[in-house]
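Enquirer: Here you go, my_file_16.cif (mmCIF, C-alpha atoms (C1' of nucleotides)):
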data_model
loop_
_atom_site.label_atom_id
_atom_site.label_comp_id
_atom_site.auth_asym_id
_atom_site.auth_seq_id
_atom_site.Cartn_x
_atom_site.Cartn_y
_atom_site.Cartn_z
CA MET A 317 35.51 10.18 -17.56
CA SER A 318 38.27 7.76 -18.47
CA PRO A 319 37.48 4.56 -20.40
CA ALA A 320 38.70 2.53 -17.44
CA ARG A 321 36.08 4.12 -15.20
CA ALA A 322 33.40 3.96 -17.87
CA ALA A 323 33.78 0.19 -18.01
CA HIS A 324 32.58 -0.02 -14.43
CA TYR A 325 30.13 2.82 -14.56
CA HIS A 326 26.64 1.96 -13.37
CA GLY A 327 25.32 5.47 -13.09
CA GLY A 328 26.71 6.00 -9.60
CA MET A 329 29.82 5.87 -7.43
CA GLU A 330 32.67 3.41 -7.54
CA LEU A 331 32.49 0.69 -4.93
CA ASP A 332 35.57 -0.94 -3.47
CA ARG A 333 35.74 -4.20 -1.58
CA PHE A 334 34.89 -2.57 1.76
CA ASP A 335 31.80 -0.88 0.37
CA ARG A 336 30.63 -4.15 -1.11
CA GLN A 337 31.10 -6.01 2.16
CA LEU A 338 29.18 -3.30 3.97
CA LEU A 339 26.33 -3.38 1.48
CA ASN A 340 25.93 -7.12 1.91
CA LEU A 341 25.89 -6.75 5.69
CA VAL A 342 23.44 -3.86 5.98
CA GLN A 343 21.01 -5.50 3.59
CA GLU A 344 20.62 -8.26 6.17
CA ASP A 345 20.70 -6.03 9.24
CA ALA A 346 20.70 -2.27 8.94
CA GLY A 347 20.25 -1.85 12.68
CA GLN A 348 23.64 -3.00 13.89
CA THR A 349 26.16 -0.47 15.17
CA ALA A 350 29.27 0.64 13.30
CA GLU A 351 31.29 -1.07 15.99
CA ARG A 352 29.77 -4.44 15.23
CA LEU A 353 30.17 -3.88 11.50
CA ALA A 354 33.82 -3.01 12.13
CA GLU A 355 34.32 -6.50 13.59
CA GLN A 356 33.22 -8.03 10.29
CA VAL A 357 34.89 -5.53 7.94
CA ALA A 358 38.54 -4.72 8.61
CA LEU A 359 37.88 -1.03 9.22
CA SER A 360 37.42 1.33 12.17
CA PRO A 361 33.92 2.33 13.27
CA SER A 362 34.37 5.89 12.05
CA ALA A 363 35.46 4.69 8.62
CA ILE A 364 32.36 2.48 8.52
CA GLN A 365 30.08 5.39 9.32
CA ARG A 366 31.70 7.64 6.78
CA ARG A 367 31.26 5.03 4.07
CA LEU A 368 27.65 4.30 4.99
CA ARG A 369 26.80 7.97 4.83
CA ARG A 370 28.45 8.28 1.42
CA LEU A 371 26.53 5.25 0.19
CA ARG A 372 23.27 6.77 1.41
CA GLU A 373 24.00 10.15 -0.13
CA ALA A 374 24.96 8.58 -3.46
CA GLY A 375 21.68 6.68 -3.45
CA VAL A 376 23.31 3.25 -3.47
CA ILE A 377 21.42 2.71 -0.23
CA GLN A 378 17.99 4.06 -1.11
CA ARG A 379 16.39 3.70 2.29
CA GLN A 380 16.16 1.42 5.27
CA ALA A 381 12.92 -0.34 5.88
CA ALA A 382 11.45 -2.31 8.77
CA VAL A 383 10.37 -5.77 7.65
CA LEU A 384 7.22 -6.97 9.39
CA ASP A 385 5.89 -10.44 10.13
CA PRO A 386 2.86 -10.68 7.81
CA ARG A 387 0.95 -12.95 10.20
CA GLN A 388 1.30 -10.63 13.16
CA VAL A 389 -0.20 -7.71 11.31
CA GLY A 390 -3.18 -9.67 10.04
CA ARG A 391 -2.04 -9.90 6.46
CA PRO A 392 -0.84 -13.46 6.02
CA THR A 393 -1.81 -14.02 2.38
CA PHE A 394 0.17 -13.22 -0.73
CA PHE A 395 -1.01 -13.34 -4.30
CA VAL A 396 1.01 -13.43 -7.48
CA VAL A 397 -0.93 -11.86 -10.33
CA SER A 398 -0.09 -12.06 -14.04
CA LEU A 399 -1.64 -9.24 -16.01
CA GLN A 400 -2.31 -8.94 -19.72
CA VAL A 401 -3.13 -5.54 -21.17
CA GLU A 402 -4.08 -3.98 -24.47
CA ARG A 403 -0.84 -2.30 -25.39
CA GLU A 404 -1.96 -0.15 -28.26
CA ARG A 405 -2.27 2.99 -26.20
CA PRO A 406 0.88 4.03 -24.31
CA GLU A 407 -0.90 6.63 -22.21
CA LEU A 408 -3.13 3.94 -20.73
CA LEU A 409 -0.05 1.91 -19.94
CA ALA A 410 1.45 4.84 -18.06
CA GLN A 411 -1.81 5.24 -16.20
CA LEU A 412 -1.73 1.60 -15.15
CA ARG A 413 1.81 1.98 -13.86
CA ARG A 414 0.76 4.96 -11.76
CA TRP A 415 -2.26 3.05 -10.48
CA LEU A 416 -0.11 0.10 -9.42
CA GLY A 417 2.37 2.40 -7.77
CA ALA A 418 -0.34 4.07 -5.74
CA GLN A 419 -1.92 0.87 -4.37
CA ALA A 420 -0.49 0.03 -0.97
CA GLN A 421 -1.53 -3.59 -1.29
CA VAL A 422 0.65 -4.00 -4.37
CA GLN A 423 4.09 -4.76 -2.97
CA GLN A 424 5.85 -5.30 -6.22
CA ALA A 425 5.11 -4.80 -9.88
CA PHE A 426 7.31 -5.82 -12.80
CA TYR A 427 6.76 -4.98 -16.43
CA VAL A 428 7.85 -8.20 -18.15
CA THR A 429 8.41 -10.00 -21.41
CA GLY A 430 6.48 -13.11 -22.28
CA GLU A 431 2.79 -13.93 -22.21
CA ALA A 432 2.05 -11.68 -19.28
CA ASP A 433 2.74 -7.96 -19.44
CA PHE A 434 2.92 -7.31 -15.70
CA VAL A 435 3.58 -9.54 -12.74
CA LEU A 436 2.39 -8.28 -9.36
CA VAL A 437 2.94 -9.40 -5.79
CA VAL A 438 -0.08 -8.40 -3.73
CA THR A 439 -0.84 -8.68 0.00
CA ALA A 440 -4.34 -8.93 1.41
CA PRO A 441 -5.90 -9.96 4.71
CA ASP A 442 -8.22 -12.38 2.92
CA THR A 443 -9.61 -13.39 -0.44
CA GLU A 444 -12.50 -10.91 -0.33
CA SER A 445 -10.14 -8.00 0.09
CA PHE A 446 -8.03 -9.27 -2.77
CA ASP A 447 -11.05 -9.71 -5.01
CA ALA A 448 -12.16 -6.17 -4.27
CA LEU A 449 -8.76 -4.84 -5.29
CA MET A 450 -8.81 -6.79 -8.55
CA LEU A 451 -12.29 -5.49 -9.29
CA LYS A 452 -11.04 -1.96 -8.77
CA LEU A 453 -8.09 -2.75 -11.02
CA VAL A 454 -10.24 -3.65 -14.01
CA GLU A 455 -12.71 -0.84 -13.31
CA ASP A 456 -10.05 1.85 -13.11
CA ASN A 457 -7.95 0.55 -15.98
CA PRO A 458 -9.89 -0.18 -19.16
CA ASN A 459 -6.83 -1.58 -20.91
CA VAL A 460 -6.52 -4.57 -18.58
CA ARG A 461 -7.52 -7.51 -20.77
CA ARG A 462 -7.24 -10.38 -18.33
CA PHE A 463 -5.31 -11.58 -15.31
CA THR A 464 -4.52 -14.88 -13.64
CA THR A 465 -3.94 -15.28 -9.91
CA ASN A 466 -1.69 -17.62 -7.99
CA VAL A 467 -2.42 -17.74 -4.27
CA ALA A 468 0.71 -18.22 -2.18
CA LEU A 469 0.19 -21.18 0.13
CA SER A 470 3.47 -20.54 1.86
CA LEU A 471 6.40 -18.17 1.73
CA VAL A 472 9.66 -19.93 1.09
CA LYS A 473 11.61 -16.70 1.06
CA ARG A 474 10.90 -12.99 1.19
CA GLY A 475 13.41 -10.20 0.77
CA LEU A 476 14.90 -7.53 -1.44
CA THR A 477 18.51 -8.52 -0.93
CA ILE A 478 20.79 -8.08 -3.91
CA PRO A 479 24.01 -10.05 -3.53
CA VAL A 480 26.93 -7.71 -4.20
CA PRO A 481 30.03 -9.50 -5.53
CA LEU A 482 33.19 -8.54 -3.66
CA ASP A 483 35.36 -8.67 -6.74
CA GLU A 484 34.80 -5.64 -8.91
CA ALA A 485 34.03 -7.82 -11.89
CA ASP A 486 30.31 -8.46 -12.07
CA MET B 1330 -8.12 -16.44 26.03
CA SER B 1331 -11.46 -14.77 25.67
CA PRO B 1332 -13.41 -15.04 22.42
CA ALA B 1333 -13.15 -11.29 21.98
CA ARG B 1334 -9.38 -11.49 22.02
CA ALA B 1335 -9.28 -14.65 19.93
CA ALA B 1336 -11.08 -12.83 17.14
CA HIS B 1337 -8.10 -10.52 16.76
CA TYR B 1338 -5.40 -13.03 17.57
CA HIS B 1339 -2.75 -13.41 14.89
CA GLY B 1340 -0.20 -15.38 16.88
CA GLY B 1341 1.40 -12.34 18.45
CA MET B 1342 0.82 -9.21 20.50
CA GLU B 1343 -2.14 -6.89 20.40
CA LEU B 1344 -1.60 -3.75 18.38
CA ASP B 1345 -3.36 -0.50 19.16
CA ARG B 1346 -3.76 2.49 16.88
CA PHE B 1347 -0.36 3.96 17.84
CA ASP B 1348 1.46 0.73 17.11
CA ARG B 1349 -0.19 0.51 13.73
CA GLN B 1350 0.74 4.06 12.82
CA LEU B 1351 4.32 3.39 13.86
CA LEU B 1352 4.49 0.20 11.81
CA ASN B 1353 3.34 2.00 8.71
CA LEU B 1354 5.92 4.73 9.24
CA VAL B 1355 8.95 2.55 9.95
CA GLN B 1356 8.22 0.34 6.99
CA GLU B 1357 8.84 3.36 4.79
CA ASP B 1358 11.74 4.77 6.78
CA ALA B 1359 13.28 2.89 9.67
CA GLY B 1360 16.13 5.37 9.98
CA GLN B 1361 14.23 8.38 11.31
CA THR B 1362 14.60 9.39 14.93
CA ALA B 1363 11.99 8.84 17.62
CA GLU B 1364 11.61 12.59 17.79
CA ARG B 1365 10.53 12.83 14.16
CA LEU B 1366 8.20 9.88 14.59
CA ALA B 1367 6.72 11.64 17.60
CA GLU B 1368 5.71 14.54 15.35
CA GLN B 1369 3.66 12.18 13.21
CA VAL B 1370 2.24 10.01 15.99
CA ALA B 1371 0.75 11.86 18.94
CA LEU B 1372 3.19 10.37 21.44
CA SER B 1373 6.40 11.37 23.24
CA PRO B 1374 9.76 10.22 21.87
CA SER B 1375 10.34 7.88 24.79
CA ALA B 1376 6.95 6.29 24.29
CA ILE B 1377 7.82 5.79 20.65
CA GLN B 1378 11.08 4.08 21.53
CA ARG B 1379 9.51 1.80 24.07
CA ARG B 1380 6.85 0.70 21.62
CA LEU B 1381 9.35 0.09 18.85
CA ARG B 1382 11.45 -2.06 21.16
CA ARG B 1383 8.39 -4.07 22.16
CA LEU B 1384 7.44 -4.55 18.52
CA ARG B 1385 10.95 -5.77 17.72
CA GLU B 1386 11.05 -8.12 20.69
CA ALA B 1387 7.63 -9.55 19.83
CA GLY B 1388 8.84 -10.21 16.30
CA VAL B 1389 6.26 -7.95 14.68
CA ILE B 1390 9.27 -6.08 13.31
CA GLN B 1391 11.46 -8.92 12.12
CA ARG B 1392 14.47 -6.86 11.08
CA GLN B 1393 15.46 -3.68 9.38
CA ALA B 1394 17.06 -3.93 6.00
CA ALA B 1395 18.90 -1.50 3.74
CA VAL B 1396 17.29 -1.30 0.31
CA LEU B 1397 19.82 -0.85 -2.49
CA ASP B 1398 19.53 0.67 -5.95
CA PRO B 1399 19.88 -2.40 -8.23
CA ARG B 1400 21.54 -0.41 -11.01
CA GLN B 1401 24.24 1.02 -8.79
CA VAL B 1402 25.36 -2.40 -7.62
CA GLY B 1403 25.52 -3.82 -11.13
CA ARG B 1404 22.45 -6.01 -10.84
CA PRO B 1405 19.78 -4.24 -12.85
CA THR B 1406 17.86 -7.24 -14.15
CA PHE B 1407 15.01 -9.09 -12.49
CA PHE B 1408 13.42 -12.33 -13.58
CA VAL B 1409 10.10 -13.82 -12.59
CA VAL B 1410 10.20 -17.60 -12.81
CA SER B 1411 7.25 -19.98 -12.68
CA LEU B 1412 8.25 -23.45 -11.65
CA GLN B 1413 6.45 -26.76 -12.11
CA VAL B 1414 7.60 -29.78 -10.11
CA GLU B 1415 6.82 -33.45 -9.75
CA ARG B 1416 4.98 -33.47 -6.48
CA GLU B 1417 4.88 -37.16 -5.79
CA ARG B 1418 7.80 -37.09 -3.39
CA PRO B 1419 7.48 -34.69 -0.47
CA GLU B 1420 11.12 -35.03 0.55
CA LEU B 1421 12.21 -33.67 -2.83
CA LEU B 1422 9.86 -30.75 -2.37
CA ALA B 1423 11.45 -29.94 0.97
CA GLN B 1424 14.85 -30.18 -0.65
CA LEU B 1425 13.81 -27.70 -3.32
CA ARG B 1426 12.60 -25.26 -0.69
CA ARG B 1427 15.94 -25.45 1.08
CA TRP B 1428 17.76 -24.98 -2.21
CA LEU B 1429 15.73 -21.87 -3.04
CA GLY B 1430 16.30 -20.49 0.43
CA ALA B 1431 20.05 -20.92 0.11
CA GLN B 1432 20.43 -19.14 -3.23
CA ALA B 1433 21.30 -15.49 -2.73
CA GLN B 1434 20.09 -14.59 -6.20
CA VAL B 1435 16.60 -15.80 -5.34
CA GLN B 1436 15.00 -12.82 -3.64
CA GLN B 1437 11.58 -14.27 -3.18
CA ALA B 1438 9.94 -17.65 -3.51
CA PHE B 1439 6.25 -18.44 -3.11
CA TYR B 1440 4.67 -21.86 -3.07
CA VAL B 1441 1.45 -21.25 -4.97
CA THR B 1442 -1.79 -22.72 -6.23
CA GLY B 1443 -2.56 -22.87 -9.94
CA GLU B 1444 -0.60 -24.13 -12.88
CA ALA B 1445 2.76 -23.22 -11.42
CA ASP B 1446 3.93 -24.68 -8.13
CA PHE B 1447 6.49 -22.02 -7.26
CA VAL B 1448 6.93 -18.43 -8.35
CA LEU B 1449 10.38 -16.94 -7.90
CA VAL B 1450 11.80 -13.44 -8.15
CA VAL B 1451 15.44 -13.67 -9.14
CA THR B 1452 18.16 -11.01 -9.59
CA ALA B 1453 21.12 -11.43 -11.88
CA PRO B 1454 23.73 -9.14 -13.43
CA ASP B 1455 22.93 -10.48 -16.90
CA THR B 1456 21.21 -13.27 -18.79
CA GLU B 1457 24.22 -15.60 -18.71
CA SER B 1458 24.32 -15.49 -14.94
CA PHE B 1459 20.61 -16.16 -14.79
CA ASP B 1460 20.88 -19.08 -17.21
CA ALA B 1461 23.67 -20.58 -15.14
CA LEU B 1462 21.49 -20.42 -12.03
CA MET B 1463 18.57 -22.08 -13.79
CA LEU B 1464 20.87 -24.82 -15.06
CA LYS B 1465 22.04 -25.42 -11.51
CA LEU B 1466 18.41 -25.46 -10.39
CA VAL B 1467 17.43 -28.35 -12.67
CA GLU B 1468 20.70 -30.18 -12.03
CA ASP B 1469 20.41 -30.01 -8.27
CA ASN B 1470 16.67 -30.68 -8.14
CA PRO B 1471 15.52 -33.70 -10.14
CA ASN B 1472 11.87 -33.03 -9.41
CA VAL B 1473 11.80 -29.76 -11.35
CA ARG B 1474 9.69 -30.58 -14.38
CA ARG B 1475 9.75 -27.29 -16.26
CA PHE B 1476 9.90 -23.57 -15.74
CA THR B 1477 8.98 -20.43 -17.65
CA THR B 1478 10.81 -17.12 -17.33
CA ASN B 1479 9.55 -13.57 -17.57
CA VAL B 1480 12.31 -10.99 -17.84
CA ALA B 1481 11.47 -7.74 -16.10
CA LEU B 1482 11.91 -4.88 -18.54
CA SER B 1483 11.26 -2.34 -15.84
CA LEU B 1484 10.43 -2.14 -12.17
CA VAL B 1485 7.17 -0.37 -11.50
CA LYS B 1486 7.41 -0.93 -7.78
CA ARG B 1487 9.62 -2.80 -5.36
CA GLY B 1488 9.04 -3.21 -1.66
CA LEU B 1489 7.95 -5.44 1.20
CA THR B 1490 5.57 -2.94 2.76
CA ILE B 1491 2.46 -4.40 4.32
CA PRO B 1492 -0.23 -1.77 4.85
CA VAL B 1493 -1.44 -1.98 8.45
CA PRO B 1494 -5.03 -0.79 8.92
CA LEU B 1495 -5.41 1.67 11.79
CA ASP B 1496 -8.80 0.33 12.81
CA GLU B 1497 -8.46 -2.95 14.59
CA ALA B 1498 -10.82 -4.60 12.16
CA ASP B 1499 -8.90 -6.04 9.24
"C1'" DG C 1457 42.54 10.86 -1.42
"C1'" DC C 1458 41.41 7.74 2.87
"C1'" DT C 1459 42.56 6.01 7.41
"C1'" DG C 1460 42.28 5.74 12.81
"C1'" DA C 1461 41.85 8.24 17.34
"C1'" DA C 1462 39.73 11.61 20.31
"C1'" DA C 1463 36.48 15.29 21.23
"C1'" DG C 1464 31.96 16.88 20.86
"C1'" DG C 1465 27.04 16.46 19.78
"C1'" DT C 1466 22.88 13.78 19.30
"C1'" DA C 1467 19.80 10.22 20.23
"C1'" DC C 1468 18.50 6.28 22.90
"C1'" DT C 1469 17.76 4.15 27.55
"C1'" DT C 1470 16.68 3.95 32.13
"C1'" DA C 1471 14.59 5.42 36.48
"C1'" DA C 1472 11.63 8.33 38.99
"C1'" DA C 1473 7.35 10.99 39.41
"C1'" DT D 1180 2.84 8.59 30.30
"C1'" DT D 1181 6.38 12.47 30.85
"C1'" DT D 1182 10.70 14.19 32.57
"C1'" DA D 1183 15.58 14.12 33.59
"C1'" DA D 1184 19.88 11.81 34.28
"C1'" DG D 1185 22.97 8.46 32.36
"C1'" DT D 1186 24.76 5.84 28.53
"C1'" DA D 1187 25.73 4.55 23.87
"C1'" DC D 1188 26.24 5.84 19.44
"C1'" DC D 1189 27.25 8.84 15.58
"C1'" DT D 1190 29.71 12.92 13.77
"C1'" DT D 1191 33.41 15.90 13.32
"C1'" DT D 1192 38.00 17.15 13.66
"C1'" DC D 1193 42.72 16.43 13.18
"C1'" DA D 1194 47.12 14.26 12.52
"C1'" DG D 1195 49.30 10.75 9.79
"C1'" DC D 1196 49.74 7.40 6.03
#
Starting from the file, give its structure as structure tokens.

Expert:
Amino acid sequence: MSPARAAHYHGGMELDRFDRQLLNLVQEDAGQTAERLAEQVALSPSAIQRRLRRLREAGVIQRQAAVLDPRQVGRPTFFVVSLQVERERPELLAQLRRWLGAQAQVQQAFYVTGEADFVLVVTAPDTESFDALMLKLVEDNPNVRRFTTNVALSLVKRGLTIPVPLDEAD
Amino acid sequence: MSPARAAHYHGGMELDRFDRQLLNLVQEDAGQTAERLAEQVALSPSAIQRRLRRLREAGVIQRQAAVLDPRQVGRPTFFVVSLQVERERPELLAQLRRWLGAQAQVQQAFYVTGEADFVLVVTAPDTESFDALMLKLVEDNPNVRRFTTNVALSLVKRGLTIPVPLDEAD
DNA sequence: GCTGAAAGGTACTTAAA
DNA sequence: TTTAAGTACCTTTCAGC
């Protein structure tokens, strides 16, 4: 690989301006047709479809997911949990990561710097359900030292959108 | 509305077992065909499609979004920010919510109980970009008192999936 | 290489049973 | 709800840039 390419290398394919426009559009609405996308990107529908397929195959687009209204599925409450662990034993840390990954109620989990070691975003139908999950957390994972919970009173914003700059420079 | 219905009422349509199965499936993969969904839910493809359309129209499915690989779009870093504000002036609070909603780099924002008032999940290509955003935050919003940042060293899990129980009882 | 245009194939939608 | 006809979309091919 040439140095010029290496400078832009992120572990995947090169993205030109069209790809970047497409990525921004499909993050907001992955359901629209190639024809409608072609109206917003100066490209023909078939070119759009070819590029989207390439982006999927390269793993730039990992998947497309339906986003539900939390209230309409009886799960209106979100919790933000900060977790502190005993870090002396790496194998317990790996176990905790697997545990978090396996829990459907855990939407997101970040391993972070700072006072907390993990930050979680958790959904639950009510406080009891949440408490039960946290009890299971400490029971199943002996290296969890303590955690603090913030109950979300309202959702200001909720998404996974990553803004993709159109200029190649990041 | 009868009391029996009111007990299950979440502000939207009633969901039977088939709907709930479908919702769980399309949250993981919204791209699969009705035929493939029909293999997993004991229903014909046309029944599947009709139900999905109803769920979209009722707003249970808000949208479908492409999920990108953060590394491949040059935005590998996540930050979890806890925000404390002066709460005396409600109009400033509303302004802050609008500001957060308008920032593309802010993926998620929760208004929470506890020591922090807001918890944010922010993406940025690097620390400088993140710092610039935080500077803009305090400049544009005079009621921001202080904030603490946790840099995500790794992503354990990342999604918006809400597990939908198949039994009507939550 | 990548594009746009046309043919073909697949999946969704609609209407009837 | 299933089935079948009709429609819309995606995919492939090919010629040209």

Enquirer: Would you mind listing what lies within 12 Å of DT1466 (chain C) as a list in words, with only C-alpha atoms (C1' of nucleotides) counted and same-chain residues fewer than 6 positions away left out?

Expert: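 So, after excluding close chain neighbours, the residues are Thr1362 and Glu1364 of chain B; DA1187, DC1188, DC1189 and DT1190 of chain D.
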
Enquirer: Keeping C-alpha atoms (C1' of nucleotides) for every residue in the selection just given, could you write it to a file as a JSON list (two decimals), in the coordinates of the input?

Expert:
[["chain", "number", "residue", "atom", "x", "y", "z"],
["B", 1362, "THR", "CA", 14.60, 9.39, 14.93],
["B", 1364, "GLU", "CA", 11.61, 12.59, 17.79],
["D", 1187, "DA", "C1'", 25.73, 4.55, 23.87],
["D", 1188, "DC", "C1'", 26.24, 5.84, 19.44],
["D", 1189, "DC", "C1'", 27.25, 8.84, 15.58],
["D", 1190, "DT", "C1'", 29.71, 12.92, 13.77]]

Enquirer: Determine the residue membership of the PyMOL selection byres ((chain B) within 7 of (chain A)) for the file above and supply it as number ranges by chain.

Expert: B: 1339-1341, 1355-1360, 1388-1398, 1400-1403, 1426, 1430, 1433-1434, 1436-1443, 1452, 1454, 1479-1493, 1499

Enquirer: Report the distance between CA of Arg1365 (chain B) and C1' of DT1191 (chain D) in Å, rounded to one decimal place.

Expert: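 Calculated distance between CA of Arg1365 (chain B) and C1' of DT1191 (chain D) is 23.1 Å.
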
Enquirer: Please expand the PyMOL selection byres ((chain A) within 10 of (chain C)) into the concrete residues it hits in this file, giving the result as a PyMOL selection string.

Expert: chain A and resi 359-363

Enquirer: What does the structure give for the distance between CA of Pro406 (chain A) and CA of Met450 (chain A), in Å to one decimal?

Expert: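 So the answer is 21.4 Å.
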
Enquirer: Enter the distance from CA of Gln1424 (chain B) to CA of Ala1461 (chain B), in Å, rounded to one decimal.

Expert: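 According to the coordinates, CA of Gln1424 (chain B) and CA of Ala1461 (chain B) are separated by 19.5 Å.
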
Enquirer: Determine the nearest neighbour of Arg367 (chain A) from the options A:Leu482, A:Val460, A:Leu453, A:Leu338, counting all atoms listed in the file.

Expert: A:Leu338
